[in-house]
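J.: There's a structure below that I have some questions on.
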Protein chains: 2
Amino acid sequence: MNDFLYNKRIFYSPVEFAMAHIGGTWKIPILNCLRTGALRYGDLKKSIPHISHKMLITQLRELEEKNMVTRQTFQEKPPRVEYQLTAKAEMALPVIDQLAEYGISLMKEAGIDHTP
Amino acid sequence: MNDFLYNKRIFYSPVEFAMAHIGGTWKIPILNCLRTGALRYGDLKKSIPHISHKMLITQLRELEEKNMVTRQTFQEKPPRVEYQLTAKAEMALPVIDQLAEYGISLMKEAGIDHTP
DNA sequence: CTGAATCCAGCTGGATACTG
DNA sequence: CAGTATCCAGCTGGATTCAG
């Protein structure tokens, strides 16, 4: 597979390109939280333990820019903003699930409890 | 899913645990190169464009430590060292393939040429 | 409630030089 | 040929503060 440039960044493989969309510590947890429907910022924040305000905002902006989530604002008081998965992101869900399955099998092998 | 500690690092999900094994820029290219059989350091280096010496060594050490590759040395002159996938790593290959597929579909959508 | 901006510590990875 | 060590620039992400 040949290298290619996209948005001034070099990619060495399709896998890297995929990881630019769902990689990092927080993108997958965010996508997982949104898989059952739109959520507003505050609920998303509550649903994802340990994530900092800055990281949640940053990651949401990146996902928005990559067309993985849409952002809808409601002119209310107090303001309301809802985030929702796009079709592009929904295509990633099976991949994420398979990654989770592999992770669980690795955890079993390592003797880590993997029950909910 | 509950958080857990492993090797003094905190993980928030099985996906993160999986990514600790195959994540980063270089682990997947390395695993892909080894999927057809053992390779020695020099050949691996030649097979992976752009990777620096330091990164290849570092990543190989990490993969070895995680039991994803084995390292076999031959007492010859000049010295020979061969790396090979373990069963644990072979379990990751289907996951990697699915990631690549998703990456390719994203590339199509972005209008990037994805032919070999 | 949602979001932008700033400061700053820590990690990542490149370049380079040296060893058996 | 394979591997180690050091230096250092750049990015990442946390804490904090300010704003609509």
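Every chain in the structure tokens has a letter given in the order shown (A, B, ...), and although residue numbers restart at 1 in each chain, ligands are simply numbered from 1 in the order shown.
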Find the spatial neighbours of DA19 in chain D, counting only C-alpha atoms (C1' of nucleotides), within a cut-off of 12 Å - ignore same-chain residues fewer than 3 positions away - and output them as a PyMOL selection string.
T.: chain C and resi 2-5
J.: With only C-alpha atoms (C1' of nucleotides) as the counted atoms, please give the residues lying no more than 9 Å from range 55-67 of chain A, apart from itself and same-chain residues fewer than 3 positions off, as a PyMOL selection string.
T.: (chain A and resi 21-22+26-27+30+41+44-45+51-52+70-71+83+85-89) or (chain C and resi 3) or (chain D and resi 13)
J.: Within 6 Å of chain B, which residues of chain A are there when counting only C-alpha atoms? Please give them as JSON, numbers by chain.
T.: {"A": [1, 14, 15, 17, 18, 99, 100, 103, 104, 116]}
J.: Keeping N, CA, C and O atoms, export the residues of the selection given above as a tab-separated table (two decimals), in the first residue's frame.
T.:
```tsv
chain	number	residue	atom	x	y	z
A	1	MET	N	0.84	-1.22	0.00
A	1	MET	CA	0.00	0.00	0.00
A	1	MET	C	0.87	1.26	0.00
A	1	MET	O	1.81	1.37	0.77
A	14	PRO	N	-4.00	2.16	5.28
A	14	PRO	CA	-5.42	2.38	5.56
A	14	PRO	C	-5.72	2.26	7.05
A	14	PRO	O	-6.60	2.95	7.57
A	15	VAL	N	-4.99	1.39	7.73
A	15	VAL	CA	-5.22	1.22	9.16
A	15	VAL	C	-4.95	2.54	9.89
A	15	VAL	O	-5.73	2.96	10.75
A	17	PHE	N	-5.17	5.44	8.66
A	17	PHE	CA	-6.25	6.37	8.31
A	17	PHE	C	-7.48	6.09	9.17
A	17	PHE	O	-8.12	7.01	9.68
A	18	ALA	N	-7.78	4.81	9.34
A	18	ALA	CA	-8.91	4.46	10.21
A	18	ALA	C	-8.66	4.93	11.64
A	18	ALA	O	-9.55	5.49	12.29
A	99	LEU	N	-12.77	-5.00	18.11
A	99	LEU	CA	-11.62	-4.59	18.92
A	99	LEU	C	-11.87	-4.90	20.40
A	99	LEU	O	-11.00	-5.39	21.11
A	100	ALA	N	-13.10	-4.64	20.84
A	100	ALA	CA	-13.45	-4.90	22.24
A	100	ALA	C	-13.37	-6.40	22.54
A	100	ALA	O	-12.86	-6.80	23.58
A	103	GLY	N	-9.85	-7.34	22.83
A	103	GLY	CA	-9.38	-6.83	24.12
A	103	GLY	C	-9.79	-7.74	25.26
A	103	GLY	O	-8.99	-8.04	26.16
A	104	ILE	N	-11.04	-8.20	25.22
A	104	ILE	CA	-11.52	-9.08	26.29
A	104	ILE	C	-10.78	-10.40	26.30
A	104	ILE	O	-10.41	-10.92	27.36
A	116	PRO	N	-18.94	-7.26	33.68
A	116	PRO	CA	-19.49	-5.92	33.88
A	116	PRO	C	-19.76	-5.67	35.34
A	116	PRO	O	-19.15	-4.92	35.99
```
J.: If we count only C-alpha atoms (C1' of nucleotides) and set the cut-off at 12 Å, which residues sit around DC11 in chain C, ignoring sequence neighbours fewer than 3 positions away in its own chain? Please answer as an MDAnalysis selection string.
T.: chainID D and resid 10:13
J.: Store the residues picked out above in a file with all heavy atoms, as a PDB file, in the first residue's frame.
T.:
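Ended up saving to again_20.pdb:
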```pdb
ATOM      1  P    DG D  10      10.477  22.206  17.007  1.00  0.00           P
ATOM      2  OP1  DG D  10      10.462  22.561  15.577  1.00  0.00           O
ATOM      3  OP2  DG D  10      10.473  23.267  18.055  1.00  0.00           O
ATOM      4  O5'  DG D  10       9.258  21.217  17.293  1.00  0.00           O
ATOM      5  C5'  DG D  10       9.249  19.942  16.669  1.00  0.00           C
ATOM      6  C4'  DG D  10       8.028  19.176  17.148  1.00  0.00           C
ATOM      7  O4'  DG D  10       8.303  18.586  18.438  1.00  0.00           O
ATOM      8  C3'  DG D  10       6.785  20.047  17.333  1.00  0.00           C
ATOM      9  O3'  DG D  10       5.683  19.355  16.781  1.00  0.00           O
ATOM     10  C2'  DG D  10       6.663  20.187  18.852  1.00  0.00           C
ATOM     11  C1'  DG D  10       7.264  18.883  19.337  1.00  0.00           C
ATOM     12  N9   DG D  10       7.858  18.939  20.664  1.00  0.00           N
ATOM     13  C8   DG D  10       8.606  19.954  21.195  1.00  0.00           C
ATOM     14  N7   DG D  10       9.009  19.719  22.415  1.00  0.00           N
ATOM     15  C5   DG D  10       8.491  18.462  22.705  1.00  0.00           C
ATOM     16  C6   DG D  10       8.590  17.674  23.874  1.00  0.00           C
ATOM     17  O6   DG D  10       9.187  17.932  24.920  1.00  0.00           O
ATOM     18  N1   DG D  10       7.913  16.463  23.737  1.00  0.00           N
ATOM     19  C2   DG D  10       7.222  16.065  22.629  1.00  0.00           C
ATOM     20  N2   DG D  10       6.627  14.869  22.669  1.00  0.00           N
ATOM     21  N3   DG D  10       7.125  16.791  21.522  1.00  0.00           N
ATOM     22  C4   DG D  10       7.773  17.970  21.637  1.00  0.00           C
ATOM     23  P    DC D  11       4.252  20.062  16.694  1.00  0.00           P
ATOM     24  OP1  DC D  11       3.857  20.110  15.275  1.00  0.00           O
ATOM     25  OP2  DC D  11       4.272  21.303  17.504  1.00  0.00           O
ATOM     26  O5'  DC D  11       3.330  18.995  17.413  1.00  0.00           O
ATOM     27  C5'  DC D  11       3.552  17.607  17.158  1.00  0.00           C
ATOM     28  C4'  DC D  11       3.013  16.787  18.308  1.00  0.00           C
ATOM     29  O4'  DC D  11       3.806  17.026  19.487  1.00  0.00           O
ATOM     30  C3'  DC D  11       1.554  17.120  18.680  1.00  0.00           C
ATOM     31  O3'  DC D  11       0.811  15.906  18.711  1.00  0.00           O
ATOM     32  C2'  DC D  11       1.668  17.779  20.057  1.00  0.00           C
ATOM     33  C1'  DC D  11       2.954  17.198  20.607  1.00  0.00           C
ATOM     34  N1   DC D  11       3.687  18.042  21.594  1.00  0.00           N
ATOM     35  C2   DC D  11       3.965  17.517  22.863  1.00  0.00           C
ATOM     36  O2   DC D  11       3.590  16.377  23.137  1.00  0.00           O
ATOM     37  N3   DC D  11       4.642  18.289  23.744  1.00  0.00           N
ATOM     38  C4   DC D  11       5.037  19.517  23.411  1.00  0.00           C
ATOM     39  N4   DC D  11       5.710  20.232  24.312  1.00  0.00           N
ATOM     40  C5   DC D  11       4.760  20.069  22.122  1.00  0.00           C
ATOM     41  C6   DC D  11       4.092  19.306  21.249  1.00  0.00           C
ATOM     42  P    DT D  12      -0.776  15.915  19.061  1.00  0.00           P
ATOM     43  OP1  DT D  12      -1.382  14.786  18.334  1.00  0.00           O
ATOM     44  OP2  DT D  12      -1.279  17.290  18.885  1.00  0.00           O
ATOM     45  O5'  DT D  12      -0.801  15.569  20.615  1.00  0.00           O
ATOM     46  C5'  DT D  12      -0.009  14.478  21.096  1.00  0.00           C
ATOM     47  C4'  DT D  12      -0.429  14.139  22.510  1.00  0.00           C
ATOM     48  O4'  DT D  12       0.319  14.957  23.446  1.00  0.00           O
ATOM     49  C3'  DT D  12      -1.909  14.381  22.818  1.00  0.00           C
ATOM     50  O3'  DT D  12      -2.375  13.320  23.625  1.00  0.00           O
ATOM     51  C2'  DT D  12      -1.912  15.719  23.561  1.00  0.00           C
ATOM     52  C1'  DT D  12      -0.548  15.724  24.251  1.00  0.00           C
ATOM     53  N1   DT D  12       0.101  17.051  24.396  1.00  0.00           N
ATOM     54  C2   DT D  12       0.814  17.307  25.547  1.00  0.00           C
ATOM     55  O2   DT D  12       0.916  16.515  26.454  1.00  0.00           O
ATOM     56  N3   DT D  12       1.405  18.544  25.584  1.00  0.00           N
ATOM     57  C4   DT D  12       1.366  19.527  24.615  1.00  0.00           C
ATOM     58  O4   DT D  12       1.928  20.606  24.761  1.00  0.00           O
ATOM     59  C5   DT D  12       0.603  19.189  23.430  1.00  0.00           C
ATOM     60  C7   DT D  12       0.496  20.176  22.317  1.00  0.00           C
ATOM     61  C6   DT D  12       0.017  17.980  23.377  1.00  0.00           C
ATOM     62  P    DG D  13      -3.990  13.200  23.909  1.00  0.00           P
ATOM     63  OP1  DG D  13      -4.331  11.768  23.746  1.00  0.00           O
ATOM     64  OP2  DG D  13      -4.723  14.230  23.127  1.00  0.00           O
ATOM     65  O5'  DG D  13      -4.122  13.567  25.448  1.00  0.00           O
ATOM     66  C5'  DG D  13      -3.105  13.183  26.374  1.00  0.00           C
ATOM     67  C4'  DG D  13      -3.164  14.096  27.577  1.00  0.00           C
ATOM     68  O4'  DG D  13      -2.474  15.331  27.282  1.00  0.00           O
ATOM     69  C3'  DG D  13      -4.575  14.519  28.009  1.00  0.00           C
ATOM     70  O3'  DG D  13      -4.617  14.511  29.424  1.00  0.00           O
ATOM     71  C2'  DG D  13      -4.682  15.933  27.466  1.00  0.00           C
ATOM     72  C1'  DG D  13      -3.266  16.405  27.724  1.00  0.00           C
ATOM     73  N9   DG D  13      -2.860  17.618  27.033  1.00  0.00           N
ATOM     74  C8   DG D  13      -3.221  18.036  25.783  1.00  0.00           C
ATOM     75  N7   DG D  13      -2.688  19.179  25.443  1.00  0.00           N
ATOM     76  C5   DG D  13      -1.935  19.533  26.547  1.00  0.00           C
ATOM     77  C6   DG D  13      -1.129  20.670  26.781  1.00  0.00           C
ATOM     78  O6   DG D  13      -0.914  21.623  26.027  1.00  0.00           O
ATOM     79  N1   DG D  13      -0.523  20.638  28.039  1.00  0.00           N
ATOM     80  C2   DG D  13      -0.689  19.626  28.965  1.00  0.00           C
ATOM     81  N2   DG D  13      -0.049  19.758  30.116  1.00  0.00           N
ATOM     82  N3   DG D  13      -1.445  18.559  28.749  1.00  0.00           N
ATOM     83  C4   DG D  13      -2.032  18.581  27.532  1.00  0.00           C
TER      84       DG D  13
END
```
J.: As a compact mmCIF listing (two decimals) with N, CA, C and O atoms, in the first residue's frame, could you give me every residue of chain B near chain D (at most 10 Å apart, counting only C-alpha atoms (C1' of nucleotides))?
T.:
```txt
# COMPACT_ATOMS: atom_id res chain seq x y z
N ARG B 40 14.22 -11.31 9.87
CA ARG B 40 15.28 -10.75 10.70
C ARG B 40 15.19 -9.24 10.72
O ARG B 40 14.50 -8.64 9.90
N TYR B 41 15.91 -8.66 11.67
CA TYR B 41 15.81 -7.22 11.89
C TYR B 41 15.97 -6.41 10.60
O TYR B 41 15.14 -5.56 10.27
N GLY B 42 17.03 -6.69 9.88
CA GLY B 42 17.34 -5.91 8.69
C GLY B 42 16.24 -5.97 7.64
O GLY B 42 15.91 -4.94 7.03
N HIS B 53 15.30 3.50 13.04
CA HIS B 53 15.95 2.41 13.76
C HIS B 53 15.43 2.36 15.19
O HIS B 53 15.05 1.30 15.69
N LYS B 54 15.42 3.50 15.85
CA LYS B 54 15.00 3.54 17.24
C LYS B 54 13.58 3.03 17.43
O LYS B 54 13.31 2.25 18.35
N ILE B 57 13.34 -0.85 16.94
CA ILE B 57 13.85 -1.55 18.13
C ILE B 57 12.88 -1.42 19.30
O ILE B 57 12.51 -2.41 19.94
N THR B 73 17.83 -15.60 18.51
CA THR B 73 19.15 -15.17 18.04
C THR B 73 19.96 -16.38 17.58
O THR B 73 19.86 -17.47 18.15
N LYS B 77 28.27 -15.22 12.41
CA LYS B 77 29.04 -14.03 12.14
C LYS B 77 28.85 -13.67 10.68
O LYS B 77 29.30 -14.42 9.82
N PRO B 78 28.11 -12.57 10.40
CA PRO B 78 27.58 -11.59 11.37
C PRO B 78 26.34 -12.12 12.09
O PRO B 78 25.70 -13.04 11.58
N PRO B 79 26.02 -11.54 13.23
CA PRO B 79 24.90 -12.04 14.05
C PRO B 79 23.57 -12.00 13.30
O PRO B 79 23.36 -11.15 12.44
N ARG B 80 22.69 -12.94 13.64
CA ARG B 80 21.38 -12.99 13.01
C ARG B 80 20.33 -13.07 14.11
O ARG B 80 20.49 -13.79 15.09
N VAL B 81 19.26 -12.31 13.94
CA VAL B 81 18.17 -12.31 14.91
C VAL B 81 16.86 -12.37 14.14
O VAL B 81 16.66 -11.60 13.20
```
J.: Using only C-alpha atoms (C1' of nucleotides), which protein or nucleic acid residues come within 8 Å of Gln84 in chain A? Drop anything in the same chain fewer than 6 positions from it, and give the result as a PyMOL selection string.
T.: chain A and resi 34+37-39+69-71
J.: Compute the chain C side of the contact with chain B at 10 Å, counting only C-alpha atoms (C1' of nucleotides), and hand it back as a PyMOL selection string.
T.: chain C and resi 12-15+20
J.: Keeping only C-alpha atoms (C1' of nucleotides), write those residues as a PDB file, in the first residue's frame.
T.:
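Contents of the output file result-v3.pdb:
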```pdb
ATOM      1  C1'  DT C  12       7.176  10.426  21.898  1.00  0.00           C
ATOM      2  C1'  DG C  13      10.023   9.981  18.495  1.00  0.00           C
ATOM      3  C1'  DG C  14      14.035  11.757  15.361  1.00  0.00           C
ATOM      4  C1'  DA C  15      19.131  12.394  14.821  1.00  0.00           C
ATOM      5  C1'  DG C  20      29.897  -6.402  20.342  1.00  0.00           C
TER       6       DG C  20
END
```
